[in-house]
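Before any comments, here is the structure.
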Amino acid sequence: MASAIGKVPSLISSAIANSRPKFNIFMKYARVELAPPKMSEIPQIKAGIGKLLTSAKSGAWKDQTVKQATLNALVGAEVLFWFYIGECIGKRHLVGYDV
């Protein structure tokens, strides 16, 4: 038992050393992907929303393949689920608000 306890600090230090490169890669992408949009990107966002609305009105969504439609549905479901998870976290209950 004492030998197992003596190995804990070395196990922790090796775990930290092994995880540091992966953490650095995560931080590299997190700085880019999780950052809020810059002011220079706002026109691109407006153009994308306009394109989305135009394609919705013109019926271009009907010309998608089954694979594209499935992927779009899955992305929409993921956004919806994350919204509901955020709501549950925010209200700190699964059902109803504590009023």
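Residue numbers start at 1 in each chain; chains themselves are named A, B, ... in the order of the structure tokens; ligands are numbered from 1 in the order shown.
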
Practice item. Pull the alpha helix (DSSP H) assignments for chain A out of DSSP run on the backbone, and list those residues as number ranges by chain. Key: A: 2-33, 42-58, 66-91
